[in-house]
Amino acid sequence: MDTNNRNIVTRFAPSPTGFMHIGGVRTALFAYLWARKNRGTFILRIEDTDKEREVAGSIEHIQESLRWLGLEWDFGPDKPGTFGSCIQSERLPTYLEFAHRLIEKGLAYPDPYSSEQVAEFRKQAEAEKRPFLFRNHRPEAFEKWDSTKPLRFKVPEIKRYRWHDAVRGDLEAGEEALDDFILIKSDGYPTYNFAHIIDDFSMGVTHIMRADEFISSTPRFLSLYEALGIAPPVFVTLPPILRDDRTKKLGKRDGAKDILDYRAEGYLPEAMANFLALTGWNPGTEQEIFTMDDLIAAFDIAKIQKAGAAFNEEKLLWANREHIKNLSHESLLRILAEFGAKSSRVAEKKWDLSEEFLSKIAPIVVERLSVFGEFTAMLDAGEFDYFLEEPTVDASKIVWKEEGPEKARDALLRVSEILEKISESNWNSEAVKEAIWPYAEERGRGGVLWPMRYSLSGKDKSPDPFTIAGVLGREETLKRLKVAAENL
Ligand code: GLU
């Protein structure tokens, strides 16, 4: 990827709080697509300035999630740029430098109050039913900042702000949206409000993709951009992800899982990326199935929707099935082996899910599954036992309807006779079908196919007998038919 072209720079800036939800991943995907589409740069920046909310291991979790989806970054926690680290806690001197610039301009001051005093101001405002604004309590003269107190921004001008959002269009907010917010906390870490502006500037970010909860703070950001003499990047506010019934934002209770839970359940990353791309963006064509390259080619900020996008799990399952169909045979076998190995039954019985075996059952499995975890469940439920070991066959059940055991035995013996003529090397389910079909038609299908299928599987429900015979192979098929006929 061409990282020399710095025209377009996007970033994904998660806080390491331990959970990578669908919404966050969708933001990362859109930022990634826009960067790649423009041969620009995609940055993964870790916003770890709130040490209380931080969860150990999150940075690895975030990286693993993005890598799983194929969203490789040009700069990130493991790849610093000329601008330095991509981890905010490693950039404290940069924030201080900008803080001092503001202090020199008279645009930042130490907060002289204790947190109790500020709480008191807030209570007072609430009692008087007016919004609490710190700037109403701004001290007359500023003390020298010794970094034990929070450093606050002095909003230079109280005015109405108008701005453009690439998705939401023209927006505006009045004076009540402006306040003397905290730039640097008393613990020495910057606030999000301050740090992200400095970082986006230092990293050359051109487009900010983020959730709509930041719209209300945008006037504050704009006042700070102005104070610093920085031109703001393009704001791209992504639509919220709603519950399928659209009544509210998707929350954990509505099935908003961590992205790696989807991996564990057996969703394909390409299906997940496809699905997330269409959650809030549409190509304006009928196309619904996209590879990552297709998405990069088709993606356009202009087609991101304003309105909330419903999270439709059915659609995700559908996309997964479609992407499963597009998998190469090798990838399919690799994934089946991975999910097969998770079956406790396979482990218990020490069954060998050989490549040859998986290759044979793959068509049967794929037809029935939406996510690969279902393959593990099928194995656990014993659904494919008869492929892996001889089934227990209940002789009375081999008989078709009212026909009686005599007829069932005749049918099985005749089937064996016919199948014996197929050589080992010509054996496959089509050859078996072709050989048996005329006899089944002539004799009556049920009376032939039921005993055959039941003798091979020992199950009331299973794939058709030709498919089973194809998987079992010549020797095992003939053996099972013979044993069944003898037991009748
Ligand atoms: N760290 C912020 C969050 O996790 C990022 C917001 C942004 O993208 O600017 O919500």
# chains A, B, ... in the order shown; residues from 1 in each chain; ligands from 1
>>> residues_near_ligand(ligand="ligand 1", cutoff="7 Å", atoms="only C-alpha atoms and all ligand atoms", output="compact mmCIF listing (two decimals) with all heavy atoms, in the first residue's frame")
# COMPACT_ATOMS: atom_id res chain seq x y z
N PHE A 12 -8.52 5.57 13.40
CA PHE A 12 -9.47 4.95 14.31
C PHE A 12 -8.84 5.13 15.67
O PHE A 12 -7.67 4.82 15.86
CB PHE A 12 -9.66 3.47 13.96
CG PHE A 12 -10.52 2.73 14.94
CD1 PHE A 12 -11.77 3.23 15.30
CD2 PHE A 12 -10.10 1.53 15.50
CE1 PHE A 12 -12.58 2.55 16.21
CE2 PHE A 12 -10.91 0.84 16.41
CZ PHE A 12 -12.15 1.35 16.76
N ALA A 13 -9.63 5.68 16.60
CA ALA A 13 -9.03 6.11 17.87
C ALA A 13 -9.76 5.54 19.08
O ALA A 13 -10.37 6.26 19.85
CB ALA A 13 -9.03 7.64 17.92
N PRO A 14 -9.69 4.24 19.26
CA PRO A 14 -10.42 3.64 20.37
C PRO A 14 -9.76 3.87 21.72
O PRO A 14 -8.55 4.08 21.80
CB PRO A 14 -10.40 2.14 20.04
CG PRO A 14 -9.12 1.97 19.30
CD PRO A 14 -8.92 3.23 18.50
N SER A 15 -10.58 3.84 22.76
CA SER A 15 -10.05 3.85 24.11
C SER A 15 -9.91 2.39 24.54
O SER A 15 -10.78 1.59 24.24
CB SER A 15 -11.01 4.59 25.04
OG SER A 15 -11.17 5.91 24.57
N GLU A 47 -6.34 5.81 22.56
CA GLU A 47 -6.68 6.96 23.40
C GLU A 47 -6.80 6.52 24.85
O GLU A 47 -7.88 6.25 25.37
CB GLU A 47 -7.95 7.63 22.88
CG GLU A 47 -7.76 8.04 21.41
CD GLU A 47 -8.54 9.26 20.98
OE1 GLU A 47 -9.69 9.40 21.42
OE2 GLU A 47 -8.00 10.06 20.19
N TYR A 192 -9.85 13.98 26.39
CA TYR A 192 -10.13 13.63 24.99
C TYR A 192 -10.26 14.90 24.15
O TYR A 192 -9.69 15.01 23.06
CB TYR A 192 -11.42 12.80 24.90
CG TYR A 192 -11.93 12.70 23.49
CD1 TYR A 192 -11.31 11.86 22.57
CD2 TYR A 192 -12.99 13.50 23.05
CE1 TYR A 192 -11.75 11.80 21.25
CE2 TYR A 192 -13.43 13.44 21.73
CZ TYR A 192 -12.80 12.59 20.84
OH TYR A 192 -13.22 12.55 19.54
N HIS A 196 -7.26 14.79 21.26
CA HIS A 196 -7.56 14.31 19.90
C HIS A 196 -7.31 15.41 18.87
O HIS A 196 -6.91 15.14 17.74
CB HIS A 196 -8.98 13.73 19.81
CG HIS A 196 -10.05 14.71 19.50
ND1 HIS A 196 -10.68 15.48 20.45
CD2 HIS A 196 -10.63 15.05 18.31
CE1 HIS A 196 -11.60 16.24 19.86
NE2 HIS A 196 -11.58 16.00 18.57
N ILE A 208 -12.20 12.91 10.04
CA ILE A 208 -12.52 12.27 11.32
C ILE A 208 -13.83 11.52 11.17
O ILE A 208 -14.88 12.11 11.00
CB ILE A 208 -12.70 13.32 12.44
CG1 ILE A 208 -11.39 14.07 12.70
CG2 ILE A 208 -13.22 12.66 13.71
CD1 ILE A 208 -11.49 15.08 13.83
N MET A 209 -13.73 10.18 11.20
CA MET A 209 -14.96 9.39 11.23
C MET A 209 -15.23 9.07 12.69
O MET A 209 -14.36 8.49 13.36
CB MET A 209 -14.76 8.05 10.49
CG MET A 209 -15.03 8.09 9.03
SD MET A 209 -13.57 8.68 8.17
CE MET A 209 -14.01 8.34 6.48
N ARG A 210 -16.42 9.41 13.15
CA ARG A 210 -16.75 9.04 14.53
C ARG A 210 -18.26 9.07 14.74
O ARG A 210 -19.01 9.49 13.88
CB ARG A 210 -16.01 9.93 15.53
CG ARG A 210 -16.46 11.35 15.56
CD ARG A 210 -15.61 12.19 16.55
NE ARG A 210 -15.70 13.60 16.17
CZ ARG A 210 -14.85 14.53 16.54
NH1 ARG A 210 -13.82 14.23 17.28
NH2 ARG A 210 -15.01 15.78 16.14
>>> select_by_dssp(residues="region 41-250 of chain A", states="alpha helix (DSSP H)", output="JSON, numbers by chain")
{"A": [58, 59, 60, 61, 62, 63, 64, 65, 66, 67, 68, 69, 92, 93, 94, 95, 96, 97, 98, 99, 100, 101, 102, 103, 104, 115, 116, 117, 118, 119, 120, 121, 122, 123, 124, 125, 126, 127, 192, 193, 194, 195, 196, 197, 198, 199, 200, 201, 202, 218, 219, 220, 221, 222, 223, 224, 225, 226, 227, 228]}
>>> closest_residue(among="A:Val118, A:Ala166, A:Ala362, A:Ala99", to="Glu330 (chain A)", atoms="only C-alpha atoms")
A:Ala362
>>> residues_around(residues="His329 (chain A)", least_positions_apart="5", cutoff="12 Å", atoms="only C-alpha atoms", output="PyMOL selection string")
chain A and resi 324+334-336+355-356+358-360+362-363+366
>>> closest_atom_pairs(of="region 226-265 of chain A", to="region 133-155 of chain A", cutoff="12 Å", atoms="only C-alpha atoms", output="JSON lines")
{"residue": "A:Glu226", "atom": "CA", "partner": "A:Val155", "partner_atom": "CA", "distance": 9.7}
{"residue": "A:Ala227", "atom": "CA", "partner": "A:Val155", "partner_atom": "CA", "distance": 8.0}
{"residue": "A:Leu228", "atom": "CA", "partner": "A:Phe153", "partner_atom": "CA", "distance": 11.1}
>>> write_last_selection(atoms="all heavy atoms", output="compact mmCIF listing (two decimals), in the first residue's frame")
# COMPACT_ATOMS: atom_id res chain seq x y z
N GLU A 226 -9.68 27.15 16.58
CA GLU A 226 -9.46 28.57 16.30
C GLU A 226 -8.36 29.15 17.18
O GLU A 226 -7.46 29.82 16.69
CB GLU A 226 -10.76 29.35 16.57
CG GLU A 226 -11.54 29.60 15.30
CD GLU A 226 -12.86 30.34 15.57
OE1 GLU A 226 -12.94 31.11 16.55
OE2 GLU A 226 -13.79 30.11 14.80
N ALA A 227 -8.43 28.80 18.46
CA ALA A 227 -7.43 29.33 19.39
C ALA A 227 -6.02 28.87 19.02
O ALA A 227 -5.04 29.57 19.20
CB ALA A 227 -7.76 28.90 20.81
N LEU A 228 -5.92 27.66 18.48
CA LEU A 228 -4.61 27.11 18.12
C LEU A 228 -4.20 27.48 16.70
O LEU A 228 -3.09 27.18 16.27
CB LEU A 228 -4.64 25.58 18.25
CG LEU A 228 -4.70 25.00 19.67
CD1 LEU A 228 -5.08 23.52 19.64
CD2 LEU A 228 -3.36 25.19 20.39
>>> select_by_dssp(residues="region 86-263 of chain A", states="strand (DSSP E or B)", output="ChimeraX atom specification")
/A:87,108-110,151-153,161-165,169-173,182-184,190,207-210,234-237,241-242,249,258
